[in-house]
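**Student:** Sharing coords-v3.txt (compact mmCIF, C-alpha atoms) below.
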# COMPACT_ATOMS: atom_id res chain seq x y z
CA MET A 1 3.83 -14.92 -8.69
CA HIS A 2 4.17 -11.17 -9.10
CA LEU A 3 1.10 -9.54 -7.57
CA VAL A 4 -0.07 -5.91 -7.43
CA LEU A 5 -2.49 -4.96 -4.66
CA LEU A 6 -4.83 -2.06 -5.50
CA GLY A 7 -7.38 -0.22 -3.41
CA PRO A 8 -8.23 3.20 -1.97
CA PRO A 9 -6.84 4.59 1.30
CA GLY A 10 -8.34 2.59 4.15
CA ALA A 11 -8.84 -0.59 2.11
CA GLY A 12 -6.27 -2.38 4.27
CA LYS A 13 -3.69 -3.17 1.58
CA GLY A 14 -0.71 -3.26 3.94
CA THR A 15 -2.49 -5.33 6.57
CA LEU A 16 -3.73 -7.84 3.99
CA ALA A 17 -0.38 -8.13 2.22
CA SER A 18 1.36 -8.79 5.54
CA ALA A 19 -1.25 -11.44 6.39
CA ILE A 20 -1.01 -13.50 3.21
CA ALA A 21 2.71 -13.12 2.42
CA PRO A 22 3.74 -15.86 4.92
CA LEU A 23 1.02 -18.17 3.55
CA THR A 24 2.14 -17.84 -0.06
CA GLY A 25 5.91 -17.45 0.30
CA MET A 26 5.74 -14.15 -1.56
CA ARG A 27 7.57 -11.10 -0.24
CA HIS A 28 5.55 -8.05 0.80
CA ILE A 29 6.96 -4.88 -0.77
CA SER A 30 5.58 -1.62 0.63
CA THR A 31 6.86 1.44 -1.21
CA GLY A 32 6.25 3.51 1.92
CA ALA A 33 8.54 1.16 3.87
CA LEU A 34 11.12 1.30 1.06
CA PHE A 35 11.18 5.10 1.25
CA ARG A 36 11.55 5.07 5.04
CA ALA A 37 14.36 2.51 4.84
CA ALA A 38 16.19 4.45 2.13
CA VAL A 39 15.98 7.65 4.16
CA ARG A 40 17.10 5.85 7.33
CA GLU A 41 20.06 4.23 5.56
CA ARG A 42 21.00 7.52 3.87
CA SER A 43 21.47 5.84 0.51
CA GLN A 44 21.77 8.09 -2.54
CA LEU A 45 18.10 7.55 -3.30
CA GLY A 46 17.24 8.05 0.36
CA GLN A 47 18.99 11.41 0.50
CA ARG A 48 17.10 12.57 -2.58
CA VAL A 49 13.79 11.42 -1.04
CA ALA A 50 14.61 13.08 2.29
CA SER A 51 15.39 16.42 0.63
CA LEU A 52 12.01 16.35 -1.13
CA LEU A 53 10.09 15.42 2.00
CA GLN A 54 11.81 18.14 4.02
CA VAL A 55 10.37 20.82 1.76
CA GLY A 56 6.97 19.11 1.53
CA SER A 57 7.31 18.05 -2.12
CA LEU A 58 5.79 14.90 -3.57
CA VAL A 59 8.20 12.15 -4.59
CA PRO A 60 8.11 12.12 -8.43
CA ASP A 61 7.24 9.00 -10.43
CA SER A 62 10.78 8.73 -11.74
CA LEU A 63 12.27 8.44 -8.25
CA THR A 64 9.63 5.97 -7.06
CA ILE A 65 10.20 3.80 -10.13
CA GLU A 66 13.96 3.94 -9.59
CA LEU A 67 13.54 2.81 -5.97
CA VAL A 68 11.30 -0.12 -6.95
CA ARG A 69 13.63 -1.13 -9.79
CA GLU A 70 16.63 -1.09 -7.43
CA HIS A 71 14.79 -3.18 -4.83
CA LEU A 72 13.54 -5.78 -7.31
CA SER A 73 17.06 -6.21 -8.66
CA THR A 74 18.31 -7.65 -5.35
CA GLY A 75 17.26 -11.21 -6.28
CA GLU A 76 15.31 -11.75 -3.04
CA PHE A 77 12.04 -12.54 -4.78
CA GLN A 78 12.40 -16.05 -6.18
CA HIS A 79 8.99 -16.95 -4.68
CA GLY A 80 7.34 -13.78 -5.96
CA PHE A 81 6.17 -10.57 -4.37
CA ILE A 82 3.13 -8.53 -3.38
CA LEU A 83 3.45 -4.85 -4.30
CA ASP A 84 1.53 -2.55 -1.95
CA GLY A 85 1.38 1.17 -2.72
CA PHE A 86 2.78 0.87 -6.24
CA PRO A 87 1.86 1.50 -8.99
CA ARG A 88 -0.23 4.56 -8.10
CA THR A 89 -0.48 5.91 -11.65
CA VAL A 90 -0.77 4.45 -15.12
CA ALA A 91 2.70 5.85 -15.88
CA GLN A 92 4.08 3.87 -12.94
CA ALA A 93 2.23 0.74 -14.12
CA GLU A 94 3.73 1.10 -17.59
CA ALA A 95 7.20 1.55 -16.11
CA LEU A 96 6.70 -1.49 -13.89
CA SER A 97 5.85 -3.60 -16.94
CA GLU A 98 9.31 -2.75 -18.30
CA ILE A 99 10.96 -3.89 -15.06
CA THR A 100 9.12 -7.17 -14.51
CA THR A 101 6.02 -9.19 -15.49
CA ILE A 102 2.90 -8.76 -13.36
CA ASN A 103 0.79 -11.93 -13.16
CA MET A 104 -2.20 -10.56 -11.26
CA ALA A 105 -3.65 -7.34 -9.87
CA ILE A 106 -6.20 -7.58 -7.07
CA GLU A 107 -8.48 -4.63 -6.39
CA ILE A 108 -9.93 -4.41 -2.87
CA ILE A 109 -13.45 -2.98 -3.09
CA VAL A 110 -14.74 -1.07 -0.04
CA PRO A 111 -17.69 1.41 0.03
CA GLU A 112 -16.79 5.04 0.69
CA TYR A 113 -18.75 5.24 3.96
CA GLU A 114 -16.75 2.31 5.33
CA LEU A 115 -13.44 3.86 4.24
CA VAL A 116 -14.37 7.11 6.01
CA ARG A 117 -15.31 5.18 9.14
CA ARG A 118 -12.05 3.23 9.16
CA LEU A 119 -9.75 6.16 8.45
CA SER A 120 -11.41 8.58 10.85
CA GLY A 121 -10.94 5.97 13.60
CA ARG A 122 -7.30 5.33 12.70
CA ARG A 123 -4.46 6.12 15.10
CA ILE A 124 -0.79 5.90 14.09
CA CYS A 125 2.26 5.70 16.34
CA ASN A 126 4.74 8.39 15.38
CA THR A 127 7.57 6.32 16.86
CA CYS A 128 7.20 2.90 15.20
CA GLY A 129 4.51 3.47 12.56
CA VAL A 130 2.11 0.84 13.97
CA ILE A 131 -1.51 1.53 12.96
CA PHE A 132 -4.34 1.09 15.46
CA SER A 133 -8.10 1.50 15.35
CA VAL A 134 -9.78 3.44 18.14
CA ASN A 135 -11.54 0.16 18.91
CA SER A 136 -8.37 -1.90 19.12
CA ILE A 137 -5.71 0.20 20.90
CA PRO A 138 -4.23 -2.02 23.65
CA GLU A 139 -4.65 -0.75 27.21
CA ASN A 140 -0.87 -0.72 27.67
CA ALA A 141 -0.18 1.05 24.35
CA SER A 142 1.11 4.13 26.17
CA ARG A 143 4.03 2.06 27.48
CA PHE A 144 5.48 1.40 24.04
CA CYS A 145 3.52 3.54 21.57
CA ALA A 146 1.93 6.95 21.33
CA PRO A 147 -1.00 6.54 18.91
CA GLU A 148 -2.02 9.86 17.38
CA HIS A 149 -4.82 11.03 15.10
CA ARG A 150 -3.44 12.25 11.76
CA ASP A 151 -4.61 15.68 10.63
CA ASP A 152 -5.72 14.24 7.28
CA ASP A 153 -7.84 11.50 8.92
CA THR A 154 -10.89 13.75 9.33
CA PRO A 155 -14.01 12.88 7.29
CA ARG A 156 -13.67 15.98 5.08
CA ALA A 157 -9.98 15.39 4.36
CA ILE A 158 -10.59 11.67 3.80
CA ARG A 159 -13.22 12.38 1.15
CA ARG A 160 -10.76 14.69 -0.63
CA ARG A 161 -8.15 11.91 -0.63
CA LEU A 162 -10.67 9.40 -1.96
CA ALA A 163 -11.65 11.82 -4.75
CA ALA A 164 -7.95 12.22 -5.64
CA TYR A 165 -7.60 8.43 -5.66
CA GLN A 166 -10.44 8.09 -8.17
CA VAL A 167 -8.72 10.54 -10.51
CA GLN A 168 -5.13 9.37 -10.17
CA THR A 169 -5.05 5.71 -9.10
CA ALA A 170 -8.37 4.13 -10.05
CA PRO A 171 -7.35 4.14 -13.77
CA VAL A 172 -4.56 1.71 -12.83
CA ALA A 173 -7.26 -0.91 -12.23
CA GLU A 174 -8.48 -0.41 -15.78
CA TYR A 175 -4.90 -0.75 -17.02
CA TYR A 176 -4.78 -4.26 -15.55
CA ARG A 177 -8.40 -5.08 -16.41
CA ILE A 178 -7.83 -4.77 -20.17
CA PRO A 179 -5.36 -7.71 -20.43
CA GLY A 180 -7.46 -9.77 -17.98
CA LEU A 181 -5.11 -9.50 -14.99
CA LEU A 182 -7.53 -7.75 -12.59
CA LYS A 183 -9.49 -9.60 -9.89
CA PRO A 184 -11.77 -7.59 -7.59
CA ILE A 185 -12.48 -8.84 -4.06
CA ASP A 186 -14.88 -7.66 -1.36
CA GLY A 187 -12.85 -5.71 1.22
CA THR A 188 -15.61 -5.43 3.85
CA GLY A 189 -15.66 -7.47 7.05
CA ILE A 190 -13.03 -8.31 9.63
CA PRO A 191 -9.40 -8.47 8.39
CA SER A 192 -9.19 -12.28 8.66
CA GLU A 193 -12.25 -12.68 6.41
CA VAL A 194 -10.84 -10.33 3.77
CA ALA A 195 -7.42 -11.96 4.01
CA SER A 196 -9.09 -15.34 3.35
CA ARG A 197 -10.77 -13.95 0.22
CA LEU A 198 -7.48 -12.52 -0.94
CA HIS A 199 -5.65 -15.80 -0.33
CA ASN A 200 -8.33 -17.72 -2.23
CA ALA A 201 -8.08 -15.33 -5.18
CA VAL A 202 -4.31 -15.69 -5.31
CA SER A 203 -4.44 -19.47 -4.90
CA ALA A 204 -7.01 -19.81 -7.68
Starting from the coordinates I provided, produce the structure as structure tokens.

**Tutor:**
Amino acid sequence: MHLVLLGPPGAGKGTLASAIAPLTGMRHISTGALFRAAVRERSQLGQRVASLLQVGSLVPDSLTIELVREHLSTGEFQHGFILDGFPRTVAQAEALSEITTINMAIEIIVPEYELVRRLSGRRICNTCGVIFSVNSIPENASRFCAPEHRDDDTPRAIRRRLAAYQVQTAPVAEYYRIPGLLKPIDGTGIPSEVASRLHNAVSA
């Protein structure tokens, strides 16, 4: 199965994809992780991405699509994949349809107040990228991680990001709704509960 995971910032897409991938045999593809790996490996694409990030520019659709196309061409996805973080725009969704067939798109629904609560309590390690909640940082985290509060994880900045999501990315859900590929699930509750809903939707 080829699955697209949709949802606003704070919906838990990466966490949920990582949780159900081992249960389904599908590979979790995070475009953020692909970018970091390409930059780290100094591939041609990675060098182009790094040069954009160094000057604070957004990575254009064309480069993101090229990275996803290159990754999907490796033949590592015989049991399917879960795409997390892509497509973010209708243009990306249209380009993806030319690369491969998408069987299902799942939209994680979470109220805005809950997204603000989650993101404002988020802490991210600048060293390894692990994400913590203020309520779940291990006591010994300082030994191996240095969780920090991102500047854009303030309530005001979060609401701006959510508004941008509604303009840019929410239409992608409609793109998949029209041919009947979209399944919404409730994204509230503890991660294991949401992961169970997601697994049931995929299994069905």

**Student:** Would you mind reading off the distance between atom CA of A:Ile29 and atom CA of A:Ser203, one decimal, in Å?

**Tutor:**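 Straight-line distance from atom CA of A:Ile29 to atom CA of A:Ser203 works out to 19.0 Å.
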
**Student:** Find the residue from A:Ile106, A:Pro179, A:Arg156, A:Phe77 that sits nearest to A:Asn200; use all atoms listed in the file when measuring.

**Tutor:**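 Comparing A:Ile106, A:Pro179, A:Arg156, A:Phe77 against A:Asn200, the winner is A:Ile106.
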
**Student:** What does the distance from atom CA of A:Leu72 to atom CA of A:Ile185 come to in Å, to one decimal?

**Tutor:**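 Interatomic distance, atom CA of A:Leu72 to atom CA of A:Ile185: 26.4 Å.
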
**Student:** What does the structure give for the distance between atom CA of A:Asp84 and atom CA of A:Leu5, in Å to one decimal?

**Tutor:**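 Answer for the atom CA of A:Asp84 to atom CA of A:Leu5 separation: 5.4 Å.
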
**Student:** So, with all atoms listed in the file as the atoms that count, which of A:Ala38, A:Val194, A:Ala105, A:Ala170 lies closest to A:Leu83?

**Tutor:** A:Ala105
